[in-house]
>>> print(open('structure.cif').read())   # mmCIF, C-alpha atoms
data_target
#
loop_
_atom_site.group_PDB
_atom_site.id
_atom_site.type_symbol
_atom_site.label_atom_id
_atom_site.label_comp_id
_atom_site.auth_asym_id
_atom_site.auth_seq_id
_atom_site.Cartn_x
_atom_site.Cartn_y
_atom_site.Cartn_z
ATOM 1 C CA LYS F 1 0.000 0.000 0.000
ATOM 2 C CA ALA F 2 1.069 3.530 -0.636
ATOM 3 C CA LEU F 3 1.254 5.543 2.563
ATOM 4 C CA SER F 4 1.582 9.237 2.994
ATOM 5 C CA ILE F 5 4.390 10.526 5.182
ATOM 6 C CA ASN F 6 1.888 11.734 7.780
ATOM 7 C CA ILE F 7 0.209 8.342 8.143
ATOM 8 C CA LEU F 8 3.574 6.567 8.280
ATOM 9 C CA ALA F 9 4.889 8.996 10.913
ATOM 10 C CA GLY F 10 1.711 8.524 12.949
ATOM 11 C CA ARG F 11 2.069 4.750 12.858
ATOM 12 C CA ILE F 12 5.726 4.912 13.832
ATOM 13 C CA VAL F 13 4.941 7.131 16.808
ATOM 14 C CA ARG F 14 2.014 4.878 17.819
ATOM 15 C CA HIS F 15 4.189 1.743 17.640
ATOM 16 C CA TRP F 16 6.953 3.381 19.670
ATOM 17 C CA LEU F 17 4.505 4.598 22.312
ATOM 18 C CA ARG F 18 2.878 1.181 22.578
ATOM 19 C CA THR F 19 6.274 -0.513 22.823
ATOM 20 C CA ILE F 20 7.439 1.889 25.516
ATOM 21 C CA GLY F 21 4.129 1.420 27.341
ATOM 22 C CA PHE F 22 4.512 -2.337 27.226
ATOM 23 C CA LEU F 23 8.095 -2.153 28.472
ATOM 24 C CA MET F 24 7.038 0.068 31.375
ATOM 25 C CA LEU F 25 4.160 -2.251 32.312
ATOM 26 C CA PHE F 26 6.434 -5.261 31.918
ATOM 27 C CA GLY F 27 9.085 -3.703 34.142
ATOM 28 C CA LEU F 28 6.484 -2.854 36.782
ATOM 29 C CA GLY F 29 5.067 -6.368 36.610
ATOM 30 C CA LEU F 30 8.497 -7.935 37.000
ATOM 31 C CA LEU F 31 9.203 -5.630 39.927
ATOM 32 C CA MET F 32 5.947 -6.702 41.562
ATOM 33 C CA ILE F 33 7.040 -10.328 41.226
ATOM 34 C CA TYR F 34 10.711 -9.724 41.993
ATOM 35 C CA ILE F 35 10.473 -7.855 45.315
ATOM 36 C CA PRO F 36 8.244 -10.354 47.174
ATOM 37 C CA GLY F 37 10.097 -13.239 45.514
ATOM 38 C CA VAL F 38 13.490 -12.047 46.685
ATOM 39 C CA ILE F 39 12.174 -11.377 50.191
ATOM 40 C CA GLY F 40 10.677 -14.872 50.327
ATOM 41 C CA ILE F 41 13.849 -16.476 48.983
ATOM 42 C CA THR F 42 15.936 -14.578 51.527
ATOM 43 C CA VAL F 43 13.738 -15.783 54.380
ATOM 44 C CA LEU F 44 13.947 -19.349 53.069
ATOM 45 C CA ALA F 45 17.733 -19.061 52.720
ATOM 46 C CA LEU F 46 17.969 -17.922 56.351
ATOM 47 C CA ILE F 47 15.961 -20.944 57.436
ATOM 48 C CA SER F 48 17.768 -23.411 55.184
ATOM 49 C CA PRO F 49 20.383 -22.510 52.549
ATOM 50 C CA MET F 50 19.445 -25.560 50.495
ATOM 51 C CA LEU F 51 15.775 -24.553 50.524
ATOM 52 C CA GLY F 52 16.735 -21.001 49.534
ATOM 53 C CA SER F 53 18.823 -22.290 46.622
ATOM 54 C CA GLY F 54 15.945 -24.434 45.393
ATOM 55 C CA ALA F 55 13.519 -21.535 45.668
ATOM 56 C CA LEU F 56 15.941 -19.283 43.775
ATOM 57 C CA PHE F 57 16.209 -21.881 41.012
ATOM 58 C CA LEU F 58 12.399 -22.113 40.744
ATOM 59 C CA PHE F 59 12.068 -18.320 40.820
ATOM 60 C CA ALA F 60 14.599 -17.927 37.998
ATOM 61 C CA GLY F 61 12.681 -20.571 36.023
ATOM 62 C CA LEU F 62 9.455 -18.611 36.525
ATOM 63 C CA ILE F 63 11.086 -15.447 35.185
ATOM 64 C CA VAL F 64 12.424 -17.321 32.136
ATOM 65 C CA VAL F 65 8.958 -18.743 31.411
ATOM 66 C CA ILE F 66 7.407 -15.270 31.680
ATOM 67 C CA LEU F 67 10.022 -13.867 29.303
ATOM 68 C CA LEU F 68 9.404 -16.727 26.870
ATOM 69 C CA TYR F 69 5.638 -16.264 26.842
ATOM 70 C CA LEU F 70 6.006 -12.520 26.214
ATOM 71 C CA TYR F 71 8.678 -12.948 23.537
ATOM 72 C CA PHE F 72 6.436 -11.955 20.605
ATOM 73 C CA VAL F 73 4.640 -8.969 22.164
ATOM 74 C CA THR F 74 6.693 -6.272 20.448
ATOM 75 C CA THR F 75 6.433 -8.146 17.167
ATOM 76 C CA ALA F 76 2.638 -8.246 17.495
ATOM 77 C CA LEU F 77 2.579 -4.565 18.422
ATOM 78 C CA VAL F 78 4.454 -3.563 15.284
ATOM 79 C CA LEU F 79 3.561 -6.208 12.714
ATOM 80 C CA ASP F 80 -0.152 -6.540 13.458
ATOM 81 C CA ASP F 81 -0.714 -3.068 14.966
ATOM 82 C CA LEU F 82 -2.393 -4.560 18.038
ATOM 83 C CA ALA F 83 -3.085 -2.896 21.350
ATOM 84 C CA ILE F 84 -0.880 -3.960 24.264
ATOM 85 C CA GLY F 85 -3.427 -6.326 25.822
ATOM 86 C CA HIS F 86 -4.185 -8.051 22.537
ATOM 87 C CA ALA F 87 -0.479 -8.346 21.731
ATOM 88 C CA VAL F 88 0.189 -9.975 25.113
ATOM 89 C CA ARG F 89 -2.651 -12.442 24.605
ATOM 90 C CA ARG F 90 -1.501 -13.262 21.084
ATOM 91 C CA SER F 91 2.091 -13.830 22.219
ATOM 92 C CA ILE F 92 0.965 -16.137 25.028
ATOM 93 C CA TYR F 93 -1.346 -18.022 22.665
ATOM 94 C CA LEU F 94 1.357 -18.382 20.013
ATOM 95 C CA VAL F 95 3.964 -19.672 22.475
ATOM 96 C CA ARG F 96 1.465 -22.021 24.124
ATOM 97 C CA ARG F 97 0.540 -23.554 20.759
ATOM 98 C CA ASN F 98 4.191 -23.795 19.593
ATOM 99 C CA PHE F 99 6.068 -24.111 22.894
ATOM 100 C CA TRP F 100 8.984 -26.372 21.942
ATOM 101 C CA ASN F 101 9.393 -24.785 18.518
ATOM 102 C CA THR F 102 9.548 -21.384 20.197
ATOM 103 C CA VAL F 103 12.072 -22.608 22.776
ATOM 104 C CA GLY F 104 14.221 -23.948 19.950
ATOM 105 C CA PHE F 105 13.886 -20.725 17.975
ATOM 106 C CA VAL F 106 14.844 -18.548 20.964
ATOM 107 C CA LEU F 107 17.804 -20.779 21.839
ATOM 108 C CA LEU F 108 19.017 -20.880 18.229
ATOM 109 C CA THR F 109 18.798 -17.128 17.694
ATOM 110 C CA THR F 110 20.500 -16.517 21.041
ATOM 111 C CA LEU F 111 23.269 -18.965 20.142
ATOM 112 C CA ILE F 112 23.816 -17.322 16.752
ATOM 113 C CA SER F 113 23.786 -13.826 18.219
ATOM 114 C CA THR F 114 26.147 -14.682 21.061
ATOM 115 C CA GLY F 115 28.510 -16.702 18.894
ATOM 116 C CA MET F 116 28.755 -14.034 16.244
ATOM 117 C CA SER F 117 29.345 -11.289 18.814
ATOM 118 C CA LEU F 118 32.221 -13.332 20.279
ATOM 119 C CA LEU F 119 33.655 -13.803 16.791
ATOM 120 C CA PHE F 120 33.300 -10.129 15.924
ATOM 121 C CA ARG F 121 34.935 -9.124 19.197
ATOM 122 C CA GLN F 122 38.003 -11.137 18.172
ATOM 123 C CA ILE F 123 38.000 -9.609 14.690
ATOM 124 C CA THR F 124 37.975 -6.047 16.048
ATOM 125 C CA GLN F 125 41.284 -6.672 17.808
ATOM 126 C CA TRP F 126 43.140 -7.352 14.548
ATOM 127 C CA HIS F 127 43.120 -4.033 12.805
ATOM 128 C CA THR F 128 41.015 -0.942 12.203
ATOM 129 C CA LEU F 129 39.641 -2.670 9.140
ATOM 130 C CA GLY F 130 38.422 -5.430 11.464
ATOM 131 C CA VAL F 131 36.146 -2.920 13.226
ATOM 132 C CA ALA F 132 34.526 -1.994 9.920
ATOM 133 C CA PHE F 133 34.133 -5.657 8.971
ATOM 134 C CA ALA F 134 32.697 -6.537 12.388
ATOM 135 C CA THR F 135 30.248 -3.627 12.192
ATOM 136 C CA LEU F 136 29.011 -4.654 8.767
ATOM 137 C CA GLY F 137 28.878 -8.324 9.725
ATOM 138 C CA ASN F 138 27.007 -7.624 12.943
ATOM 139 C CA SER F 139 24.516 -5.455 11.047
ATOM 140 C CA PHE F 140 23.975 -8.219 8.512
ATOM 141 C CA ILE F 141 23.524 -10.954 11.150
ATOM 142 C CA GLY F 142 21.322 -8.734 13.335
ATOM 143 C CA THR F 143 19.075 -7.882 10.400
ATOM 144 C CA GLY F 144 18.784 -11.548 9.487
ATOM 145 C CA LEU F 145 17.861 -12.505 13.045
ATOM 146 C CA ALA F 146 15.279 -9.715 13.217
ATOM 147 C CA MET F 147 13.765 -10.880 9.933
ATOM 148 C CA SER F 148 13.731 -14.482 11.149
ATOM 149 C CA LEU F 149 11.711 -13.347 14.172
ATOM 150 C CA LEU F 150 9.183 -11.612 11.926
ATOM 151 C CA VAL F 151 8.939 -14.594 9.556
ATOM 152 C CA TYR F 152 8.624 -17.076 12.440
ATOM 153 C CA TYR F 153 5.857 -14.997 14.024
ATOM 154 C CA ARG F 154 3.943 -14.450 10.782
ATOM 155 C CA THR F 155 4.098 -18.087 9.623
ATOM 156 C CA ARG F 156 2.912 -19.367 13.006
ATOM 157 C CA ILE F 157 0.051 -16.858 13.160
ATOM 158 C CA LEU F 158 -1.072 -17.690 9.612
ATOM 159 C CA ALA F 159 -0.894 -21.438 10.327
ATOM 160 C CA MET F 160 -2.966 -21.035 13.494
ATOM 161 C CA GLN F 161 -5.538 -18.888 11.675
ATOM 162 C CA GLN F 162 -5.751 -21.494 8.920
ATOM 163 C CA GLU F 163 -6.276 -24.271 11.474
ATOM 164 C CA GLU F 164 -9.055 -22.273 13.113
ATOM 165 C CA THR F 165 -10.764 -21.707 9.737
ATOM 166 C CA ILE F 166 -10.535 -25.393 8.878
ATOM 167 C CA SER F 167 -11.888 -26.469 12.272
ATOM 168 C CA ILE F 168 -14.830 -24.069 11.958
ATOM 169 C CA ALA F 169 -15.770 -25.331 8.477
#
>>> encode(input="structure.cif", output="structure tokens")
Amino acid sequence: KALSINILAGRIVRHWLRTIGFLMLFGLGLLMIYIPGVIGITVLALISPMLGSGALFLFAGLIVVILLYLYFVTTALVLDDLAIGHAVRRSIYLVRRNFWNTVGFVLLTTLISTGMSLLFRQITQWHTLGVAFATLGNSFIGTGLAMSLLVYYRTRILAMQQEETISIA
């Protein structure tokens, strides 16, 4: 579609504001979980260090699961132009329907990103030309990983919508 500059600028501002709003709500939500969790873990650690360690392990697992279920919120905010609540629900629904695929995708993209950053860090120590190469390479890899996130999200959403249409018919 052809967009005017005004409409495009309005959408960009709306997406940024929604993303910032989500990040603020997310940070507040994590803080509301974190403070009582840390207090409880500290009390348990004072009673029994082994019990405190186990509780800390479970608490860290809870945070990882929350992060995983909210992994696609910003993608839904931008790609589908959803409100924050709808984007959160869609992300949770998408991860719940494709849990192990999503875990694999997140682990793979994290592995690629971390591995390439370690490689580029070594390249920058060679020469000034290495900094330019590392910058270009990191931009290329980062763009590819961002696109893979968008493609993964869109293909899963379309597949789920197709399944729902087939099950209704």
>>> closest_residue(input="structure.cif", among="F:Tyr153, F:Leu58, F:Ser117, F:Val78", to="Phe105 of chain F", atoms="all atoms listed in the file")
F:Tyr153
>>> atom_distance(input="structure.cif", atom1="atom CA of Leu67 of chain F", atom2="atom CA of Leu82 of chain F")
19.2 Å
>>> atom_distance(input="structure.cif", atom1="atom CA of Phe22 of chain F", atom2="atom CA of Ile92 of chain F")
14.4 Å
>>> resolve_selection(input="structure.cif", expression="the PyMOL selection byres ((chain F and resi 145) around 12)", output="PDB file with C-alpha atoms, in the coordinates of the input")
ATOM      1  CA  PHE F 105      13.886 -20.725  17.975  1.00  0.00           C
ATOM      2  CA  VAL F 106      14.844 -18.548  20.964  1.00  0.00           C
ATOM      3  CA  LEU F 108      19.017 -20.880  18.229  1.00  0.00           C
ATOM      4  CA  THR F 109      18.798 -17.128  17.694  1.00  0.00           C
ATOM      5  CA  THR F 110      20.500 -16.517  21.041  1.00  0.00           C
ATOM      6  CA  LEU F 111      23.269 -18.965  20.142  1.00  0.00           C
ATOM      7  CA  ILE F 112      23.816 -17.322  16.752  1.00  0.00           C
ATOM      8  CA  SER F 113      23.786 -13.826  18.219  1.00  0.00           C
ATOM      9  CA  THR F 114      26.147 -14.682  21.061  1.00  0.00           C
ATOM     10  CA  MET F 116      28.755 -14.034  16.244  1.00  0.00           C
ATOM     11  CA  ASN F 138      27.007  -7.624  12.943  1.00  0.00           C
ATOM     12  CA  SER F 139      24.516  -5.455  11.047  1.00  0.00           C
ATOM     13  CA  PHE F 140      23.975  -8.219   8.512  1.00  0.00           C
ATOM     14  CA  ILE F 141      23.524 -10.954  11.150  1.00  0.00           C
ATOM     15  CA  GLY F 142      21.322  -8.734  13.335  1.00  0.00           C
ATOM     16  CA  THR F 143      19.075  -7.882  10.400  1.00  0.00           C
ATOM     17  CA  GLY F 144      18.784 -11.548   9.487  1.00  0.00           C
ATOM     18  CA  ALA F 146      15.279  -9.715  13.217  1.00  0.00           C
ATOM     19  CA  MET F 147      13.765 -10.880   9.933  1.00  0.00           C
ATOM     20  CA  SER F 148      13.731 -14.482  11.149  1.00  0.00           C
ATOM     21  CA  LEU F 149      11.711 -13.347  14.172  1.00  0.00           C
ATOM     22  CA  LEU F 150       9.183 -11.612  11.926  1.00  0.00           C
ATOM     23  CA  VAL F 151       8.939 -14.594   9.556  1.00  0.00           C
ATOM     24  CA  TYR F 152       8.624 -17.076  12.440  1.00  0.00           C
TER      25      TYR F 152
END
>>> atom_distance(input="structure.cif", atom1="atom CA of Thr75 of chain F", atom2="atom CA of Ala87 of chain F")
8.3 Å
>>> residues_around(input="structure.cif", residues="Thr42 of chain F", least_positions_apart="4", cutoff="8 Å", atoms="only C-alpha atoms", output="PyMOL selection string")
chain F and resi 38+46+52
>>> closest_atom_pairs(input="structure.cif", of="segment 8-115 of chain F", to="segment 159-166 of chain F", cutoff="12 Å", atoms="all atoms listed in the file", output="JSON lines")
{"residue": "F:Arg90", "atom": "CA", "partner": "F:Met160", "partner_atom": "CA", "distance": 11.0}
{"residue": "F:Tyr93", "atom": "CA", "partner": "F:Met160", "partner_atom": "CA", "distance": 9.8}
{"residue": "F:Leu94", "atom": "CA", "partner": "F:Met160", "partner_atom": "CA", "distance": 8.3}
{"residue": "F:Val95", "atom": "CA", "partner": "F:Met160", "partner_atom": "CA", "distance": 11.4}
{"residue": "F:Arg96", "atom": "CA", "partner": "F:Met160", "partner_atom": "CA", "distance": 11.6}
{"residue": "F:Arg97", "atom": "CA", "partner": "F:Met160", "partner_atom": "CA", "distance": 8.5}
{"residue": "F:Asn98", "atom": "CA", "partner": "F:Met160", "partner_atom": "CA", "distance": 9.8}
>>> write_last_selection(input="structure.cif", atoms="C-alpha atoms", output="PDB file, in the frame of the given file")
ATOM      1  CA  ARG F  90      -1.501 -13.262  21.084  1.00  0.00           C
ATOM      2  CA  TYR F  93      -1.346 -18.022  22.665  1.00  0.00           C
ATOM      3  CA  LEU F  94       1.357 -18.382  20.013  1.00  0.00           C
ATOM      4  CA  VAL F  95       3.964 -19.672  22.475  1.00  0.00           C
ATOM      5  CA  ARG F  96       1.465 -22.021  24.124  1.00  0.00           C
ATOM      6  CA  ARG F  97       0.540 -23.554  20.759  1.00  0.00           C
ATOM      7  CA  ASN F  98       4.191 -23.795  19.593  1.00  0.00           C
TER       8      ASN F  98
END
>>> resolve_selection(input="structure.cif", expression="the PyMOL selection byres ((chain F and resi 55) around 9)", output="ChimeraX atom specification")
/F:37,40-41,44-45,50-54,56-60
>>> write_last_selection(input="structure.cif", atoms="C-alpha atoms", output="PDB file, in the frame of the given file")
ATOM      1  CA  GLY F  37      10.097 -13.239  45.514  1.00  0.00           C
ATOM      2  CA  GLY F  40      10.677 -14.872  50.327  1.00  0.00           C
ATOM      3  CA  ILE F  41      13.849 -16.476  48.983  1.00  0.00           C
ATOM      4  CA  LEU F  44      13.947 -19.349  53.069  1.00  0.00           C
ATOM      5  CA  ALA F  45      17.733 -19.061  52.720  1.00  0.00           C
ATOM      6  CA  MET F  50      19.445 -25.560  50.495  1.00  0.00           C
ATOM      7  CA  LEU F  51      15.775 -24.553  50.524  1.00  0.00           C
ATOM      8  CA  GLY F  52      16.735 -21.001  49.534  1.00  0.00           C
ATOM      9  CA  SER F  53      18.823 -22.290  46.622  1.00  0.00           C
ATOM     10  CA  GLY F  54      15.945 -24.434  45.393  1.00  0.00           C
ATOM     11  CA  LEU F  56      15.941 -19.283  43.775  1.00  0.00           C
ATOM     12  CA  PHE F  57      16.209 -21.881  41.012  1.00  0.00           C
ATOM     13  CA  LEU F  58      12.399 -22.113  40.744  1.00  0.00           C
ATOM     14  CA  PHE F  59      12.068 -18.320  40.820  1.00  0.00           C
ATOM     15  CA  ALA F  60      14.599 -17.927  37.998  1.00  0.00           C
TER      16      ALA F  60
END
>>> resolve_selection(input="structure.cif", expression="the PyMOL selection byres ((chain F and resi 68) around 10)", output="list in words")
Leu62, Ile63, Val64, Val65, Ile66, Leu67, Tyr69, Leu70, Tyr71, Phe72, Ser91, Ile92, Val95, Arg96, Phe99, Thr102, Val103 and Val106 of chain F
>>> residues_around(input="structure.cif", residues="Ile84 of chain F", least_positions_apart="5", cutoff="12 Å", atoms="all atoms listed in the file", output="number ranges by chain")
F: 14-26, 70, 72-78, 89-91
>>> axis_aligned_box(input="structure.cif", around="segment 126-134 of chain F", padding_each_side="8 Å", output="lines of an AutoDock Vina configuration file")
center_x = 37.9
center_y = -4.1
center_z = 11.8
size_x = 26.4
size_y = 22.4
size_z = 21.6
>>> closest_residue(input="structure.cif", among="F:Arg156, F:Leu3, F:Leu30, F:Gly85", to="Asn101 of chain F", atoms="only C-alpha atoms")
F:Arg156
>>> closest_residue(input="structure.cif", among="F:Ile33, F:Leu79, F:Leu136, F:Leu107", to="Ile157 of chain F", atoms="all atoms listed in the file")
F:Leu79
>>> build_atoms(input="structure.cif", residues="segment 136-149 of chain F", atoms="N, CA and C atoms", output="PDB file, in the frame of the given file")
ATOM      1  N   LEU F 136      29.842  -4.221   9.896  1.00  0.00           N
ATOM      2  CA  LEU F 136      29.011  -4.654   8.767  1.00  0.00           C
ATOM      3  C   LEU F 136      28.457  -6.067   8.989  1.00  0.00           C
ATOM      4  N   GLY F 137      29.319  -6.954   9.472  1.00  0.00           N
ATOM      5  CA  GLY F 137      28.878  -8.324   9.725  1.00  0.00           C
ATOM      6  C   GLY F 137      27.813  -8.396  10.802  1.00  0.00           C
ATOM      7  N   ASN F 138      27.994  -7.636  11.870  1.00  0.00           N
ATOM      8  CA  ASN F 138      27.007  -7.624  12.943  1.00  0.00           C
ATOM      9  C   ASN F 138      25.680  -7.040  12.461  1.00  0.00           C
ATOM     10  N   SER F 139      25.740  -6.020  11.617  1.00  0.00           N
ATOM     11  CA  SER F 139      24.516  -5.455  11.047  1.00  0.00           C
ATOM     12  C   SER F 139      23.799  -6.484  10.177  1.00  0.00           C
ATOM     13  N   PHE F 140      24.547  -7.202   9.387  1.00  0.00           N
ATOM     14  CA  PHE F 140      23.975  -8.219   8.512  1.00  0.00           C
ATOM     15  C   PHE F 140      23.326  -9.344   9.325  1.00  0.00           C
ATOM     16  N   ILE F 141      24.054  -9.865  10.320  1.00  0.00           N
ATOM     17  CA  ILE F 141      23.524 -10.954  11.150  1.00  0.00           C
ATOM     18  C   ILE F 141      22.326 -10.470  11.969  1.00  0.00           C
ATOM     19  N   GLY F 142      22.429  -9.276  12.540  1.00  0.00           N
ATOM     20  CA  GLY F 142      21.322  -8.734  13.335  1.00  0.00           C
ATOM     21  C   GLY F 142      20.061  -8.544  12.518  1.00  0.00           C
ATOM     22  N   THR F 143      20.228  -8.054  11.288  1.00  0.00           N
ATOM     23  CA  THR F 143      19.075  -7.882  10.400  1.00  0.00           C
ATOM     24  C   THR F 143      18.454  -9.230  10.053  1.00  0.00           C
ATOM     25  N   GLY F 144      19.292 -10.208   9.791  1.00  0.00           N
ATOM     26  CA  GLY F 144      18.784 -11.548   9.487  1.00  0.00           C
ATOM     27  C   GLY F 144      18.035 -12.154  10.656  1.00  0.00           C
ATOM     28  N   LEU F 145      18.544 -11.968  11.865  1.00  0.00           N
ATOM     29  CA  LEU F 145      17.861 -12.505  13.045  1.00  0.00           C
ATOM     30  C   LEU F 145      16.541 -11.778  13.298  1.00  0.00           C
ATOM     31  N   ALA F 146      16.530 -10.465  13.061  1.00  0.00           N
ATOM     32  CA  ALA F 146      15.279  -9.715  13.217  1.00  0.00           C
ATOM     33  C   ALA F 146      14.247 -10.178  12.196  1.00  0.00           C
ATOM     34  N   MET F 147      14.685 -10.392  10.970  1.00  0.00           N
ATOM     35  CA  MET F 147      13.765 -10.880   9.933  1.00  0.00           C
ATOM     36  C   MET F 147      13.277 -12.288  10.241  1.00  0.00           C
ATOM     37  N   SER F 148      14.157 -13.125  10.804  1.00  0.00           N
ATOM     38  CA  SER F 148      13.731 -14.482  11.149  1.00  0.00           C
ATOM     39  C   SER F 148      12.651 -14.445  12.227  1.00  0.00           C
ATOM     40  N   LEU F 149      12.749 -13.501  13.157  1.00  0.00           N
ATOM     41  CA  LEU F 149      11.711 -13.347  14.172  1.00  0.00           C
ATOM     42  C   LEU F 149      10.380 -12.977  13.525  1.00  0.00           C
TER      43      LEU F 149
END
